[in-house]
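Trainee: This is the structure, below, for whatever I ask next.
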Amino acid sequence: MRTAIVYEGNQGGSAAIARVIAAEAAGHGPVIVGEVGEVPISELEGVDFLVVGGPTHRPDPAEGPRSPAAAHVLRESQPTANGVRHWLERVPARPGFSAATFDTREPGLRVLTGTAALGLYRALRRRGCHLVTRPASFLVGPGPEGELLDGERERATLWAAAVFRRAEHHHPVRVAG
Ligand SMILES: Cc1cc2nc3c(=O)[nH]c(=O)nc-3n(C[C@H](O)[C@H](O)[C@H](O)COP(=O)(O)O)c2cc1C
């Protein structure tokens with residue numbers, strides 16, 4: 001199974017989760033992992049499973065979106081040009097791969113914090129993509145550093161293991177001959 005993992009992020013939390021997921025993916029076949037600007041859509045050729053993630057940023061109505069990820073929180077927000085939502089809009093309709101989404105966000109009720117992963121999930125579903133699991137959130141501490149909380153890397157490993165089992169079920173390994 002060939003996997004692509006595409007993320008967006010400013011402070012390294014989403015990148016760290018992407019690396020954890022990539023380590024798990026490597027046990028299932030070739031892996032492409034990169035920040036949204038590093039992975040052209042053409043790289044999706046031959047991919048069986050796509051994982052997309054990024055940070056949750058609530059847009060400030062006075063300032064406009066504070067980062068490309070801001071557009072993730074509100075469904076009706078316009079995706080900005082260099083963000084992962086904009087990248088997803090160029091994914092061909094009815095792609096031949098299945099997918100999963102994640103975000104990083106602060107602890108708390110999802111209804112209060114917002115969640116980028118849900119916006120990504122909906123965007124992929126609109127493309128006709130099969131999503132193998134519900135959107136996942138990995139938690140960072142409050143404050144400017146936004147470090148991943150203790151245990152979140154381990155939780156991401158477990159999440160990825162379960163997700164790759166499902167993805168493989170959806171895309172059974174093709175046996176030559
Ligand atoms: C401008 C700004 C707005 C943010 N808004 C939210 C928010 O609405 N909800 C939330 O859970 N976290 C919010 N955060 C925290 C980010 O989700 C956190 O910094 C991010 O997940 C870290 O991911 P990264 O290291 O990949 O950039 C905000 C952070 C910044 C800098």
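Just remember, in the structure tokens the first chain shown is A, the second B, etc., residues are 1-based per chain, and ligands are 1-based in the order shown.
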Quick one: residues within 8 Å of segment 1-11 of chain A, only C-alpha atoms, excluding same-chain residues fewer than 3 positions away - as number ranges by chain?

Mentor: A: 14-15, 18, 21-22, 25, 28-36, 39, 44, 46-55, 69, 83-84, 145-146, 168, 171-173

Trainee: Let me have all residues with an atom within 8 Å of ligand 1, counting only C-alpha atoms and all ligand atoms, laid out as a PDB file with N, CA and C atoms, in the first residue's frame.

Mentor:
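Result saved to out-v7.pdb:
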```pdb
ATOM      1  N   GLU A   8       0.173  20.679   7.193  1.00  0.00           N
ATOM      2  CA  GLU A   8       0.436  22.103   7.243  1.00  0.00           C
ATOM      3  C   GLU A   8       0.758  22.405   8.706  1.00  0.00           C
ATOM      4  N   GLY A   9       1.533  23.418   8.967  1.00  0.00           N
ATOM      5  CA  GLY A   9       1.795  23.727  10.379  1.00  0.00           C
ATOM      6  C   GLY A   9       2.824  24.800  10.530  1.00  0.00           C
ATOM      7  N   ASN A  10       2.761  25.478  11.669  1.00  0.00           N
ATOM      8  CA  ASN A  10       3.675  26.587  11.916  1.00  0.00           C
ATOM      9  C   ASN A  10       4.697  26.238  12.985  1.00  0.00           C
ATOM     10  N   GLN A  11       4.264  25.467  13.994  1.00  0.00           N
ATOM     11  CA  GLN A  11       5.096  25.312  15.182  1.00  0.00           C
ATOM     12  C   GLN A  11       5.643  23.900  15.373  1.00  0.00           C
ATOM     13  N   GLY A  12       5.401  23.035  14.430  1.00  0.00           N
ATOM     14  CA  GLY A  12       6.022  21.707  14.484  1.00  0.00           C
ATOM     15  C   GLY A  12       5.161  20.599  15.048  1.00  0.00           C
ATOM     16  N   GLY A  13       4.015  20.932  15.630  1.00  0.00           N
ATOM     17  CA  GLY A  13       3.160  19.892  16.222  1.00  0.00           C
ATOM     18  C   GLY A  13       2.573  18.972  15.158  1.00  0.00           C
ATOM     19  N   SER A  14       2.014  19.550  14.117  1.00  0.00           N
ATOM     20  CA  SER A  14       1.410  18.734  13.049  1.00  0.00           C
ATOM     21  C   SER A  14       2.494  17.954  12.312  1.00  0.00           C
ATOM     22  N   ALA A  15       3.660  18.583  12.143  1.00  0.00           N
ATOM     23  CA  ALA A  15       4.778  17.880  11.488  1.00  0.00           C
ATOM     24  C   ALA A  15       5.214  16.683  12.330  1.00  0.00           C
ATOM     25  N   ALA A  16       5.249  16.854  13.646  1.00  0.00           N
ATOM     26  CA  ALA A  16       5.656  15.752  14.526  1.00  0.00           C
ATOM     27  C   ALA A  16       4.652  14.600  14.432  1.00  0.00           C
ATOM     28  N   GLY A  54      -3.325  19.262   9.949  1.00  0.00           N
ATOM     29  CA  GLY A  54      -2.820  20.615  10.186  1.00  0.00           C
ATOM     30  C   GLY A  54      -3.358  21.169  11.487  1.00  0.00           C
ATOM     31  N   PRO A  55      -2.883  22.354  11.850  1.00  0.00           N
ATOM     32  CA  PRO A  55      -3.307  22.955  13.117  1.00  0.00           C
ATOM     33  C   PRO A  55      -4.695  23.596  13.036  1.00  0.00           C
ATOM     34  N   THR A  56      -5.367  23.637  14.159  1.00  0.00           N
ATOM     35  CA  THR A  56      -6.657  24.321  14.249  1.00  0.00           C
ATOM     36  C   THR A  56      -6.404  25.779  14.630  1.00  0.00           C
ATOM     37  N   HIS A  57      -6.822  26.701  13.803  1.00  0.00           N
ATOM     38  CA  HIS A  57      -6.717  28.131  14.094  1.00  0.00           C
ATOM     39  C   HIS A  57      -8.082  28.754  13.888  1.00  0.00           C
ATOM     40  N   ARG A  58      -8.563  29.407  14.910  1.00  0.00           N
ATOM     41  CA  ARG A  58      -9.859  30.070  14.741  1.00  0.00           C
ATOM     42  C   ARG A  58      -9.635  31.412  14.054  1.00  0.00           C
ATOM     43  N   PRO A  59     -10.367  31.685  12.966  1.00  0.00           N
ATOM     44  CA  PRO A  59     -10.171  32.974  12.294  1.00  0.00           C
ATOM     45  C   PRO A  59     -10.653  34.110  13.202  1.00  0.00           C
ATOM     46  N   ARG A  66      -5.825  33.991  10.391  1.00  0.00           N
ATOM     47  CA  ARG A  66      -4.489  34.257  10.921  1.00  0.00           C
ATOM     48  C   ARG A  66      -3.453  33.318  10.322  1.00  0.00           C
ATOM     49  N   SER A  67      -3.913  32.260   9.730  1.00  0.00           N
ATOM     50  CA  SER A  67      -2.992  31.353   9.053  1.00  0.00           C
ATOM     51  C   SER A  67      -3.832  30.589   8.049  1.00  0.00           C
ATOM     52  N   ALA A  70      -6.622  28.570   9.427  1.00  0.00           N
ATOM     53  CA  ALA A  70      -7.819  29.191   9.979  1.00  0.00           C
ATOM     54  C   ALA A  70      -9.057  28.754   9.226  1.00  0.00           C
ATOM     55  N   VAL A  73     -11.544  25.758  10.373  1.00  0.00           N
ATOM     56  CA  VAL A  73     -12.496  25.689  11.467  1.00  0.00           C
ATOM     57  C   VAL A  73     -13.913  25.897  10.968  1.00  0.00           C
ATOM     58  N   ASP A 103      -5.884  16.744  13.121  1.00  0.00           N
ATOM     59  CA  ASP A 103      -5.434  18.108  13.396  1.00  0.00           C
ATOM     60  C   ASP A 103      -4.683  18.136  14.714  1.00  0.00           C
ATOM     61  N   THR A 104      -4.054  19.283  14.989  1.00  0.00           N
ATOM     62  CA  THR A 104      -3.560  19.576  16.318  1.00  0.00           C
ATOM     63  C   THR A 104      -4.413  20.729  16.828  1.00  0.00           C
ATOM     64  N   ARG A 105      -4.709  20.699  18.116  1.00  0.00           N
ATOM     65  CA  ARG A 105      -5.534  21.759  18.709  1.00  0.00           C
ATOM     66  C   ARG A 105      -5.317  21.774  20.211  1.00  0.00           C
ATOM     67  N   GLU A 106      -5.901  22.778  20.854  1.00  0.00           N
ATOM     68  CA  GLU A 106      -5.795  22.878  22.302  1.00  0.00           C
ATOM     69  C   GLU A 106      -6.819  21.959  22.957  1.00  0.00           C
ATOM     70  N   PRO A 107      -6.540  21.545  24.203  1.00  0.00           N
ATOM     71  CA  PRO A 107      -7.500  20.666  24.885  1.00  0.00           C
ATOM     72  C   PRO A 107      -8.818  21.407  25.131  1.00  0.00           C
ATOM     73  N   GLY A 108      -9.871  20.681  25.218  1.00  0.00           N
ATOM     74  CA  GLY A 108     -11.173  21.290  25.505  1.00  0.00           C
ATOM     75  C   GLY A 108     -12.241  20.694  24.616  1.00  0.00           C
ATOM     76  N   ARG A 110     -14.573  20.144  21.710  1.00  0.00           N
ATOM     77  CA  ARG A 110     -14.352  20.423  20.298  1.00  0.00           C
ATOM     78  C   ARG A 110     -15.207  21.591  19.806  1.00  0.00           C
ATOM     79  N   LEU A 112     -15.873  24.180  21.341  1.00  0.00           N
ATOM     80  CA  LEU A 112     -15.259  25.452  21.750  1.00  0.00           C
ATOM     81  C   LEU A 112     -13.924  25.699  21.043  1.00  0.00           C
ATOM     82  N   THR A 113     -13.133  24.649  20.885  1.00  0.00           N
ATOM     83  CA  THR A 113     -11.795  24.838  20.300  1.00  0.00           C
ATOM     84  C   THR A 113     -11.851  24.930  18.774  1.00  0.00           C
ATOM     85  N   GLY A 114     -12.882  24.314  18.176  1.00  0.00           N
ATOM     86  CA  GLY A 114     -12.875  24.116  16.727  1.00  0.00           C
ATOM     87  C   GLY A 114     -12.014  22.908  16.405  1.00  0.00           C
ATOM     88  N   THR A 115     -12.065  22.476  15.167  1.00  0.00           N
ATOM     89  CA  THR A 115     -11.247  21.332  14.742  1.00  0.00           C
ATOM     90  C   THR A 115     -10.971  21.413  13.257  1.00  0.00           C
ATOM     91  N   LEU A 139      -3.414  16.817  20.858  1.00  0.00           N
ATOM     92  CA  LEU A 139      -3.509  18.034  21.674  1.00  0.00           C
ATOM     93  C   LEU A 139      -2.163  18.671  21.961  1.00  0.00           C
ATOM     94  N   VAL A 140      -2.173  19.991  21.891  1.00  0.00           N
ATOM     95  CA  VAL A 140      -0.987  20.782  22.243  1.00  0.00           C
ATOM     96  C   VAL A 140      -1.329  21.632  23.458  1.00  0.00           C
ATOM     97  N   GLY A 141      -0.278  22.037  24.194  1.00  0.00           N
ATOM     98  CA  GLY A 141      -0.483  22.917  25.344  1.00  0.00           C
ATOM     99  C   GLY A 141      -0.837  24.315  24.873  1.00  0.00           C
ATOM    100  N   PRO A 142      -1.525  25.072  25.750  1.00  0.00           N
ATOM    101  CA  PRO A 142      -1.833  26.453  25.392  1.00  0.00           C
ATOM    102  C   PRO A 142      -0.551  27.282  25.358  1.00  0.00           C
ATOM    103  N   GLY A 143      -0.599  28.420  24.719  1.00  0.00           N
ATOM    104  CA  GLY A 143       0.575  29.301  24.699  1.00  0.00           C
ATOM    105  C   GLY A 143       1.290  29.256  23.383  1.00  0.00           C
ATOM    106  N   PRO A 144       2.233  30.171  23.223  1.00  0.00           N
ATOM    107  CA  PRO A 144       2.864  30.368  21.913  1.00  0.00           C
ATOM    108  C   PRO A 144       3.660  29.155  21.431  1.00  0.00           C
ATOM    109  N   GLU A 145       4.247  28.371  22.358  1.00  0.00           N
ATOM    110  CA  GLU A 145       5.057  27.222  21.894  1.00  0.00           C
ATOM    111  C   GLU A 145       4.184  26.106  21.333  1.00  0.00           C
ATOM    112  N   GLY A 146       3.032  25.915  21.975  1.00  0.00           N
ATOM    113  CA  GLY A 146       2.100  24.895  21.496  1.00  0.00           C
ATOM    114  C   GLY A 146       2.704  23.511  21.373  1.00  0.00           C
ATOM    115  N   GLU A 147       3.482  23.092  22.391  1.00  0.00           N
ATOM    116  CA  GLU A 147       4.102  21.746  22.388  1.00  0.00           C
ATOM    117  C   GLU A 147       3.031  20.670  22.457  1.00  0.00           C
ATOM    118  N   LEU A 148       3.259  19.554  21.786  1.00  0.00           N
ATOM    119  CA  LEU A 148       2.348  18.420  21.927  1.00  0.00           C
ATOM    120  C   LEU A 148       2.321  17.988  23.390  1.00  0.00           C
TER     121      LEU A 148
END
```

Trainee: Could you give me the residues within chain A that DSSP places in strand (DSSP E or B), as a VMD selection string?

Mentor: chain A and resid 3 to 7 31 to 35 49 to 55 60 64 98 to 105 130 to 131 136 to 140 148

Trainee: Can I get the selection written as a PDB file, in the first residue's frame, with C-alpha atoms?

Mentor:
```
ATOM      1  CA  THR A   3       0.714   6.224   1.405  1.00  0.00           C
ATOM      2  CA  ALA A   4       0.970  10.004   1.130  1.00  0.00           C
ATOM      3  CA  ILE A   5       0.960  12.168   4.268  1.00  0.00           C
ATOM      4  CA  VAL A   6       0.472  15.888   3.698  1.00  0.00           C
ATOM      5  CA  TYR A   7       0.425  18.426   6.513  1.00  0.00           C
ATOM      6  CA  VAL A  31       5.500   6.567   2.002  1.00  0.00           C
ATOM      7  CA  ILE A  32       5.574  10.156   0.752  1.00  0.00           C
ATOM      8  CA  VAL A  33       5.484  12.695   3.601  1.00  0.00           C
ATOM      9  CA  GLY A  34       5.725  16.454   3.272  1.00  0.00           C
ATOM     10  CA  GLU A  35       4.407  19.872   4.059  1.00  0.00           C
ATOM     11  CA  PHE A  49      -4.072   6.034   1.064  1.00  0.00           C
ATOM     12  CA  LEU A  50      -3.847   9.765   1.873  1.00  0.00           C
ATOM     13  CA  VAL A  51      -3.496  11.269   5.357  1.00  0.00           C
ATOM     14  CA  VAL A  52      -3.992  15.042   5.645  1.00  0.00           C
ATOM     15  CA  GLY A  53      -3.531  17.181   8.751  1.00  0.00           C
ATOM     16  CA  GLY A  54      -2.820  20.615  10.186  1.00  0.00           C
ATOM     17  CA  PRO A  55      -3.307  22.955  13.117  1.00  0.00           C
ATOM     18  CA  ASP A  60     -10.343  36.404  13.901  1.00  0.00           C
ATOM     19  CA  GLY A  64      -9.200  37.734   8.715  1.00  0.00           C
ATOM     20  CA  SER A  98      -9.023   6.282   0.687  1.00  0.00           C
ATOM     21  CA  ALA A  99      -8.082   8.837   3.338  1.00  0.00           C
ATOM     22  CA  ALA A 100      -7.949   9.976   6.964  1.00  0.00           C
ATOM     23  CA  THR A 101      -7.558  13.419   8.545  1.00  0.00           C
ATOM     24  CA  PHE A 102      -6.034  14.783  11.742  1.00  0.00           C
ATOM     25  CA  ASP A 103      -5.434  18.108  13.396  1.00  0.00           C
ATOM     26  CA  THR A 104      -3.560  19.576  16.318  1.00  0.00           C
ATOM     27  CA  ARG A 105      -5.534  21.759  18.709  1.00  0.00           C
ATOM     28  CA  HIS A 130     -13.627   7.190   1.147  1.00  0.00           C
ATOM     29  CA  LEU A 131     -12.669   8.221   4.710  1.00  0.00           C
ATOM     30  CA  ALA A 136      -8.693  12.795  14.881  1.00  0.00           C
ATOM     31  CA  SER A 137      -7.278  15.546  17.092  1.00  0.00           C
ATOM     32  CA  PHE A 138      -3.915  15.550  18.859  1.00  0.00           C
ATOM     33  CA  LEU A 139      -3.509  18.034  21.674  1.00  0.00           C
ATOM     34  CA  VAL A 140      -0.987  20.782  22.243  1.00  0.00           C
ATOM     35  CA  LEU A 148       2.348  18.420  21.927  1.00  0.00           C
TER      36      LEU A 148
END
```

Trainee: Do you have the atom CA of His170 of chain A-atom CA of Val132 of chain A distance handy?

Mentor: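 Result for atom CA of His170 of chain A versus atom CA of Val132 of chain A: 8.1 Å, one decimal.
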
Trainee: Would you please extract all helix (DSSP H, G or I) residues from segment 10-152 of chain A, as assigned by DSSP on the backbone, and give them as a PyMOL selection string?

Mentor: chain A and resi 13-28+36-38+41-44+68-72+84-89+110-113+116-126+152

Trainee: Quote the spacing between atom CA of Glu45 of chain A and atom CA of Arg127 of chain A in Å to one decimal place.

Mentor: 15.7 Å

Trainee: For atom CA of Gly37 of chain A and atom CA of Cys129 of chain A, quote the distance in Å rounded to one decimal.

Mentor: 21.3 Å
